[in-house]
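K.L.:
Quick one, my_file38.txt (compact mmCIF, C-alpha atoms):
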# COMPACT_ATOMS: atom_id res chain seq x y z
CA MET A 124 0.00 0.00 0.00
CA SER A 125 1.22 3.52 -0.75
CA ALA A 126 2.09 6.09 1.91
CA ASN A 127 -1.06 8.00 1.02
CA GLY A 128 -3.11 4.85 1.56
CA TRP A 129 -1.58 4.33 5.02
CA VAL A 130 -2.27 7.95 5.96
CA GLN A 131 -5.89 7.62 4.87
CA PHE A 132 -6.21 4.40 6.83
CA ALA A 133 -4.72 6.02 9.95
CA VAL A 134 -7.00 9.07 9.66
CA PHE A 135 -10.03 6.81 9.19
CA CYS A 136 -9.10 4.79 12.29
CA LEU A 137 -8.59 7.96 14.36
CA VAL A 138 -11.95 9.41 13.27
CA LEU A 139 -13.63 6.08 14.00
CA LEU A 140 -12.08 5.88 17.46
CA ALA A 141 -12.97 9.50 18.21
CA THR A 142 -16.63 9.03 17.27
CA VAL A 143 -17.34 5.60 18.80
CA ARG A 144 -18.27 6.87 22.24
CA PRO A 145 -20.45 9.87 21.27
CA VAL A 146 -22.25 8.01 18.47
CA GLY A 147 -22.73 4.91 20.63
CA SER A 148 -24.08 7.01 23.50
CA TYR A 149 -26.45 8.81 21.16
CA LEU A 150 -27.72 5.53 19.65
CA PHE A 151 -28.24 4.14 23.15
CA ARG A 152 -30.24 7.22 24.20
CA VAL A 153 -32.36 7.12 21.05
CA LEU A 154 -33.15 3.41 21.12
CA GLU A 155 -33.83 3.32 24.85
CA GLY A 156 -36.25 6.26 24.55
CA LYS A 157 -34.13 8.63 26.64
CA ARG A 158 -34.11 12.37 26.00
CA THR A 159 -31.91 13.65 23.16
CA TRP A 160 -31.26 17.09 21.74
CA LEU A 161 -33.58 16.30 18.80
CA ASP A 162 -36.60 15.56 21.01
CA PRO A 163 -38.22 18.99 20.59
CA VAL A 164 -38.27 18.46 16.83
CA PHE A 165 -38.93 14.73 16.45
CA ARG A 166 -40.84 13.63 19.57
CA PRO A 167 -44.14 15.13 18.30
CA VAL A 168 -43.58 13.50 14.90
CA GLU A 169 -42.79 10.21 16.60
CA ARG A 170 -45.95 10.32 18.74
CA LEU A 171 -48.07 11.23 15.70
CA THR A 172 -46.57 8.33 13.75
CA TYR A 173 -47.46 5.88 16.52
CA LYS A 174 -50.97 7.29 16.75
CA LEU A 175 -51.57 7.09 12.99
CA CYS A 176 -50.16 3.55 12.79
CA GLY A 177 -51.86 2.27 15.95
CA VAL A 178 -48.57 1.44 17.69
CA ASN A 179 -48.47 1.18 21.47
CA ALA A 180 -44.97 2.52 22.14
CA ASP A 181 -44.98 1.22 25.73
CA GLN A 182 -45.62 -2.41 24.77
CA GLU A 183 -42.50 -4.47 24.09
CA MET A 184 -42.36 -7.62 21.97
CA ASN A 185 -40.87 -11.03 22.56
CA TRP A 186 -38.35 -12.28 20.02
CA ARG A 187 -40.99 -14.06 17.91
CA GLU A 188 -43.20 -10.97 17.65
CA TYR A 189 -40.18 -8.80 16.87
CA ALA A 190 -38.96 -11.20 14.17
CA PHE A 191 -42.45 -11.49 12.66
CA ALA A 192 -42.80 -7.68 12.54
CA LEU A 193 -39.34 -7.31 10.99
CA LEU A 194 -39.90 -9.99 8.36
CA GLY A 195 -43.43 -8.77 7.65
CA PHE A 196 -42.25 -5.19 7.19
CA SER A 197 -39.48 -6.33 4.86
CA ALA A 198 -41.83 -8.56 2.87
CA VAL A 199 -44.44 -5.85 2.43
CA SER A 200 -41.84 -3.26 1.41
CA LEU A 201 -40.37 -5.74 -1.09
CA LEU A 202 -43.79 -6.41 -2.63
CA VAL A 203 -44.68 -2.71 -2.79
CA THR A 204 -41.38 -1.95 -4.54
CA TYR A 205 -41.93 -4.82 -6.96
CA ALA A 206 -45.44 -3.53 -7.72
CA ILE A 207 -44.17 0.02 -8.30
CA GLU A 208 -41.57 -1.27 -10.74
CA ARG A 209 -44.04 -3.48 -12.59
CA MET A 210 -46.68 -0.72 -12.83
CA GLN A 211 -44.46 2.27 -13.61
CA ALA A 212 -45.83 2.51 -17.17
CA LEU A 213 -49.31 3.10 -15.68
CA MET A 214 -48.10 6.09 -13.64
CA PRO A 215 -47.43 8.79 -16.27
CA LEU A 216 -47.21 11.74 -13.86
CA TRP A 217 -43.84 10.64 -12.51
CA ASN A 218 -42.77 8.90 -15.72
CA PRO A 219 -42.26 11.71 -18.26
CA GLN A 220 -39.93 9.55 -20.35
CA GLY A 221 -42.74 7.03 -20.82
CA LEU A 222 -40.62 4.13 -19.60
CA ALA A 223 -42.17 0.68 -19.88
CA ALA A 224 -42.78 -1.55 -16.90
CA VAL A 225 -39.67 -3.20 -15.52
CA GLY A 226 -39.52 -6.88 -16.48
CA PRO A 227 -40.61 -9.34 -13.77
CA ASP A 228 -37.17 -10.89 -13.19
CA LEU A 229 -35.34 -7.55 -13.04
CA ALA A 230 -38.08 -6.02 -10.89
CA TRP A 231 -37.91 -8.89 -8.41
CA SER A 232 -34.12 -8.88 -8.32
CA THR A 233 -33.99 -5.12 -7.80
CA ALA A 234 -36.72 -5.09 -5.14
CA ALA A 235 -35.05 -7.95 -3.26
CA SER A 236 -31.60 -6.38 -3.44
CA PHE A 237 -32.79 -3.00 -2.18
CA THR A 238 -34.87 -4.63 0.57
CA THR A 239 -31.81 -6.53 1.80
CA ASN A 240 -29.59 -3.42 1.49
CA THR A 241 -27.31 -4.96 -1.13
CA ASN A 242 -28.54 -2.46 -3.77
CA TRP A 243 -27.38 -4.60 -6.68
CA GLN A 244 -28.21 -2.96 -10.00
CA SER A 245 -28.06 -4.60 -13.39
CA TYR A 246 -29.73 -1.79 -15.28
CA THR A 247 -29.26 1.87 -16.16
CA PRO A 248 -31.57 3.75 -13.78
CA GLU A 249 -32.22 6.67 -16.16
CA THR A 250 -33.45 4.39 -18.94
CA THR A 251 -35.14 1.69 -16.88
CA MET A 252 -36.66 3.23 -13.74
CA SER A 253 -39.04 6.19 -13.67
CA TYR A 254 -38.64 9.03 -11.21
CA LEU A 255 -41.39 7.58 -9.03
CA THR A 256 -39.78 4.14 -9.04
CA GLN A 257 -36.42 5.59 -8.08
CA MET A 258 -37.87 7.81 -5.34
CA ALA A 259 -40.70 5.79 -3.81
CA GLY A 260 -39.36 2.34 -4.56
CA LEU A 261 -35.58 2.47 -4.35
CA ALA A 262 -34.55 5.58 -2.39
CA THR A 263 -36.90 4.75 0.48
CA HIS A 264 -35.18 1.38 0.82
CA ASN A 265 -31.89 3.17 1.42
CA PHE A 266 -33.52 4.30 4.68
CA PHE A 267 -35.79 1.36 5.48
CA SER A 268 -33.25 -1.39 4.92
CA ALA A 269 -30.61 0.51 6.92
CA ALA A 270 -33.11 0.96 9.76
CA VAL A 271 -33.99 -2.74 9.68
CA GLY A 272 -30.30 -3.63 9.83
CA ILE A 273 -29.72 -1.33 12.81
CA VAL A 274 -32.75 -2.55 14.77
CA THR A 275 -31.81 -6.17 14.06
CA ALA A 276 -28.42 -5.55 15.69
CA VAL A 277 -30.09 -3.72 18.58
CA ALA A 278 -32.54 -6.60 19.12
CA LEU A 279 -29.66 -9.06 19.15
CA ILE A 280 -27.78 -6.97 21.72
CA ARG A 281 -30.90 -6.64 23.87
CA GLY A 282 -31.45 -10.39 23.64
CA ILE A 283 -27.93 -11.01 24.90
CA LYS A 284 -28.19 -8.33 27.60
CA ARG A 285 -31.66 -9.29 28.81
CA THR A 286 -31.03 -12.99 29.31
CA SER A 287 -33.83 -13.36 31.85
CA ALA A 288 -36.30 -10.93 30.24
CA ALA A 289 -39.11 -12.05 27.98
CA THR A 290 -38.97 -9.01 25.66
CA ILE A 291 -36.41 -7.33 23.40
CA GLY A 292 -38.11 -4.03 22.56
CA ASN A 293 -40.70 -2.97 20.00
CA PHE A 294 -39.78 -3.26 16.32
CA TRP A 295 -42.05 -0.38 15.27
CA VAL A 296 -40.69 1.96 17.94
CA ASP A 297 -37.08 1.01 17.21
CA THR A 298 -37.55 1.48 13.47
CA THR A 299 -39.35 4.81 13.86
CA ARG A 300 -36.70 6.16 16.21
CA THR A 301 -33.88 4.94 13.98
CA LEU A 302 -35.42 6.61 10.95
CA LEU A 303 -36.22 9.90 12.70
CA TYR A 304 -33.32 10.37 15.08
CA VAL A 305 -30.44 8.63 13.29
CA LEU A 306 -30.90 8.20 9.54
CA LEU A 307 -32.80 11.38 8.68
CA PRO A 308 -30.35 13.70 10.49
CA GLY A 309 -27.47 11.68 9.07
CA ALA A 310 -28.81 12.22 5.57
CA LEU A 311 -29.06 15.96 6.18
CA ILE A 312 -25.48 16.18 7.44
Could you write out this file's structure as structure tokens?

P.N.:
Amino acid sequence: MSANGWVQFAVFCLVLLATVRPVGSYLFRVLEGKRTWLDPVFRPVERLTYKLCGVNADQEMNWREYAFALLGFSAVSLLVTYAIERMQALMPLWNPQGLAAVGPDLAWSTAASFTTNTNWQSYTPETTMSYLTQMAGLATHNFFSAAVGIVTAVALIRGIKRTSAATIGNFWVDTTRTLLYVLLPGALI
């Protein structure tokens, strides 16, 4: 490796070490429902989201309920993305190029890869996917799949930590908080 490569590696390691504690503390506060500096902005949005979705934020789930919610959410988002891709020709408002529907095999592959956060692409987005498909189908997965990955790790950690407890948190609360307090501000920075 070149000297420049070693310097970049060293700087990356230093930045990583410097941010572990503050980022870890912030994630802990967010996912345990403790007060953060973003509460005045996002707590009302969070409460409204729970109310609109019928989520009881105080009720935790056991591992089976958490896994079912996680897998169900991922399955529904995969199917919605697949449907958007397959029906893009029927949505002319956000398809000014008049792109045809994405083929079933490519649509399934793309929806599955974005749902699992692998984001594999075997197409040219500008000539295959409409604006709506790229925004509502693919870009949302950049947030949703990252949130699912984070809350999966958090549930695993809680499961290890709470060896005698029957619950590991609430998937809907964890996902909402991850989206609002972690991923959205991270995207704006």

K.L.:
With 4 Å on each side, where is the centre of the axis-aligned box around all listed atoms of segment 216-222 of chain A, and how long are its edges in Å to one decimal, as lines of an AutoDock Vina configuration file?

P.N.:
center_x = -43.6
center_y = 7.9
center_z = -16.7
size_x = 15.3
size_y = 15.6
size_z = 16.3

K.L.:
Using only C-alpha atoms, which protein or nucleic acid residues come within 6 Å of segment 233-249 of chain A? Drop anything in the same chain fewer than 6 positions from it, and give the result as JSON, numbers by chain.

P.N.:
{"A": [201, 204, 205, 264, 268]}

K.L.:
What gap, in Å, lies between atom CA of Val146 of chain A and atom CA of Val277 of chain A?

P.N.:
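Interatomic distance here is 14.1 Å.
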
K.L.:
My list of candidates is A:Leu307, A:Leu140, A:Ala206, A:Ala288. Which is closest to Phe266 of chain A when distances are computed with only C-alpha atoms?

P.N.:
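Answer, going by the shortest atom-to-atom distance: A:Leu307.
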
K.L.:
Pick the closest to Pro219 of chain A from A:Leu279, A:Ala270, A:Leu255, A:Val153: which is it, counting all atoms listed in the file?

P.N.:
A:Leu255

K.L.:
Please identify all polymer residues within 9 Å of segment 293-298 of chain A, counting all atoms listed in the file, omitting same-chain residues fewer than 6 positions from it, and present them as a PyMOL selection string.

P.N.:
chain A and resi 153-155+169+173+178-185+188-190+192-193+267+270-271+273-275+277-278

K.L.:
Write the selection just made, keeping C-alpha atoms, as an mmCIF file, keeping the file's coordinate frame?

P.N.:
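out-v9.cif was written with the following content:
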data_model
loop_
_atom_site.group_PDB
_atom_site.id
_atom_site.type_symbol
_atom_site.label_atom_id
_atom_site.label_comp_id
_atom_site.auth_asym_id
_atom_site.auth_seq_id
_atom_site.Cartn_x
_atom_site.Cartn_y
_atom_site.Cartn_z
ATOM 1 C CA VAL A 153 -32.360 7.120 21.050
ATOM 2 C CA LEU A 154 -33.150 3.410 21.120
ATOM 3 C CA GLU A 155 -33.830 3.320 24.850
ATOM 4 C CA GLU A 169 -42.790 10.210 16.600
ATOM 5 C CA TYR A 173 -47.460 5.880 16.520
ATOM 6 C CA VAL A 178 -48.570 1.440 17.690
ATOM 7 C CA ASN A 179 -48.470 1.180 21.470
ATOM 8 C CA ALA A 180 -44.970 2.520 22.140
ATOM 9 C CA ASP A 181 -44.980 1.220 25.730
ATOM 10 C CA GLN A 182 -45.620 -2.410 24.770
ATOM 11 C CA GLU A 183 -42.500 -4.470 24.090
ATOM 12 C CA MET A 184 -42.360 -7.620 21.970
ATOM 13 C CA ASN A 185 -40.870 -11.030 22.560
ATOM 14 C CA GLU A 188 -43.200 -10.970 17.650
ATOM 15 C CA TYR A 189 -40.180 -8.800 16.870
ATOM 16 C CA ALA A 190 -38.960 -11.200 14.170
ATOM 17 C CA ALA A 192 -42.800 -7.680 12.540
ATOM 18 C CA LEU A 193 -39.340 -7.310 10.990
ATOM 19 C CA PHE A 267 -35.790 1.360 5.480
ATOM 20 C CA ALA A 270 -33.110 0.960 9.760
ATOM 21 C CA VAL A 271 -33.990 -2.740 9.680
ATOM 22 C CA ILE A 273 -29.720 -1.330 12.810
ATOM 23 C CA VAL A 274 -32.750 -2.550 14.770
ATOM 24 C CA THR A 275 -31.810 -6.170 14.060
ATOM 25 C CA VAL A 277 -30.090 -3.720 18.580
ATOM 26 C CA ALA A 278 -32.540 -6.600 19.120
#

K.L.:
Of the candidates A:Cys136, A:Ile207, A:Trp129, A:Gly272, which one gets nearest to Leu194 of chain A if we count all atoms listed in the file?

P.N.:
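Smallest separation from Leu194 of chain A among the options: A:Gly272.
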
K.L.:
What lies within 9 Å of Phe165 of chain A using only C-alpha atoms, ignoring chain neighbours under 3 positions off, as a ChimeraX atom specification?

P.N.:
/A:161-162,168-170,300,303-304

K.L.:
Quick one: segment 199-219 of chain A with N, CA and C atoms, as an mmCIF file, keeping the file's coordinate frame?

P.N.:
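Writing the result to selection_12.cif gives the following:
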data_model
loop_
_atom_site.group_PDB
_atom_site.id
_atom_site.type_symbol
_atom_site.label_atom_id
_atom_site.label_comp_id
_atom_site.auth_asym_id
_atom_site.auth_seq_id
_atom_site.Cartn_x
_atom_site.Cartn_y
_atom_site.Cartn_z
ATOM 1 N N VAL A 199 -43.499 -6.815 2.993
ATOM 2 C CA VAL A 199 -44.440 -5.850 2.430
ATOM 3 C C VAL A 199 -43.699 -4.786 1.626
ATOM 4 N N SER A 200 -42.583 -4.274 2.155
ATOM 5 C CA SER A 200 -41.840 -3.260 1.410
ATOM 6 C C SER A 200 -41.258 -3.827 0.117
ATOM 7 N N LEU A 201 -40.855 -5.082 0.131
ATOM 8 C CA LEU A 201 -40.370 -5.740 -1.090
ATOM 9 C C LEU A 201 -41.493 -5.824 -2.124
ATOM 10 N N LEU A 202 -42.665 -6.266 -1.703
ATOM 11 C CA LEU A 202 -43.790 -6.410 -2.630
ATOM 12 C C LEU A 202 -44.271 -5.071 -3.171
ATOM 13 N N VAL A 203 -44.270 -4.042 -2.328
ATOM 14 C CA VAL A 203 -44.680 -2.710 -2.790
ATOM 15 C C VAL A 203 -43.683 -2.188 -3.830
ATOM 16 N N THR A 204 -42.399 -2.377 -3.574
ATOM 17 C CA THR A 204 -41.380 -1.950 -4.540
ATOM 18 C C THR A 204 -41.516 -2.713 -5.851
ATOM 19 N N TYR A 205 -41.732 -4.008 -5.756
ATOM 20 C CA TYR A 205 -41.930 -4.820 -6.960
ATOM 21 C C TYR A 205 -43.145 -4.307 -7.746
ATOM 22 N N ALA A 206 -44.235 -4.015 -7.048
ATOM 23 C CA ALA A 206 -45.440 -3.530 -7.720
ATOM 24 C C ALA A 206 -45.202 -2.174 -8.386
ATOM 25 N N ILE A 207 -44.483 -1.291 -7.715
ATOM 26 C CA ILE A 207 -44.170 0.020 -8.300
ATOM 27 C C ILE A 207 -43.366 -0.154 -9.583
ATOM 28 N N GLU A 208 -42.389 -1.029 -9.548
ATOM 29 C CA GLU A 208 -41.570 -1.270 -10.740
ATOM 30 C C GLU A 208 -42.397 -1.853 -11.879
ATOM 31 N N ARG A 209 -43.246 -2.805 -11.557
ATOM 32 C CA ARG A 209 -44.040 -3.480 -12.590
ATOM 33 C C ARG A 209 -45.119 -2.561 -13.164
ATOM 34 N N MET A 210 -45.589 -1.584 -12.386
ATOM 35 C CA MET A 210 -46.680 -0.720 -12.830
ATOM 36 C C MET A 210 -46.227 0.690 -13.208
ATOM 37 N N GLN A 211 -44.935 0.908 -13.352
ATOM 38 C CA GLN A 211 -44.460 2.270 -13.610
ATOM 39 C C GLN A 211 -45.003 2.840 -14.916
ATOM 40 N N ALA A 212 -45.288 2.014 -15.895
ATOM 41 C CA ALA A 212 -45.830 2.510 -17.170
ATOM 42 C C ALA A 212 -47.242 3.070 -16.992
ATOM 43 N N LEU A 213 -47.940 2.635 -15.940
ATOM 44 C CA LEU A 213 -49.310 3.100 -15.680
ATOM 45 C C LEU A 213 -49.348 4.380 -14.862
ATOM 46 N N MET A 214 -48.177 4.890 -14.470
ATOM 47 C CA MET A 214 -48.100 6.090 -13.640
ATOM 48 C C MET A 214 -47.395 7.202 -14.415
ATOM 49 N N PRO A 215 -48.088 7.844 -15.367
ATOM 50 C CA PRO A 215 -47.430 8.790 -16.270
ATOM 51 C C PRO A 215 -46.978 10.091 -15.607
ATOM 52 N N LEU A 216 -47.574 10.477 -14.492
ATOM 53 C CA LEU A 216 -47.210 11.740 -13.860
ATOM 54 C C LEU A 216 -45.733 11.780 -13.478
ATOM 55 N N TRP A 217 -45.234 10.702 -12.929
ATOM 56 C CA TRP A 217 -43.840 10.640 -12.510
ATOM 57 C C TRP A 217 -42.994 9.808 -13.476
ATOM 58 N N ASN A 218 -43.472 9.661 -14.696
ATOM 59 C CA ASN A 218 -42.770 8.900 -15.720
ATOM 60 C C ASN A 218 -42.789 9.679 -17.030
ATOM 61 N N PRO A 219 -42.189 10.887 -17.052
ATOM 62 C CA PRO A 219 -42.260 11.710 -18.260
ATOM 63 C C PRO A 219 -41.561 11.105 -19.466
#
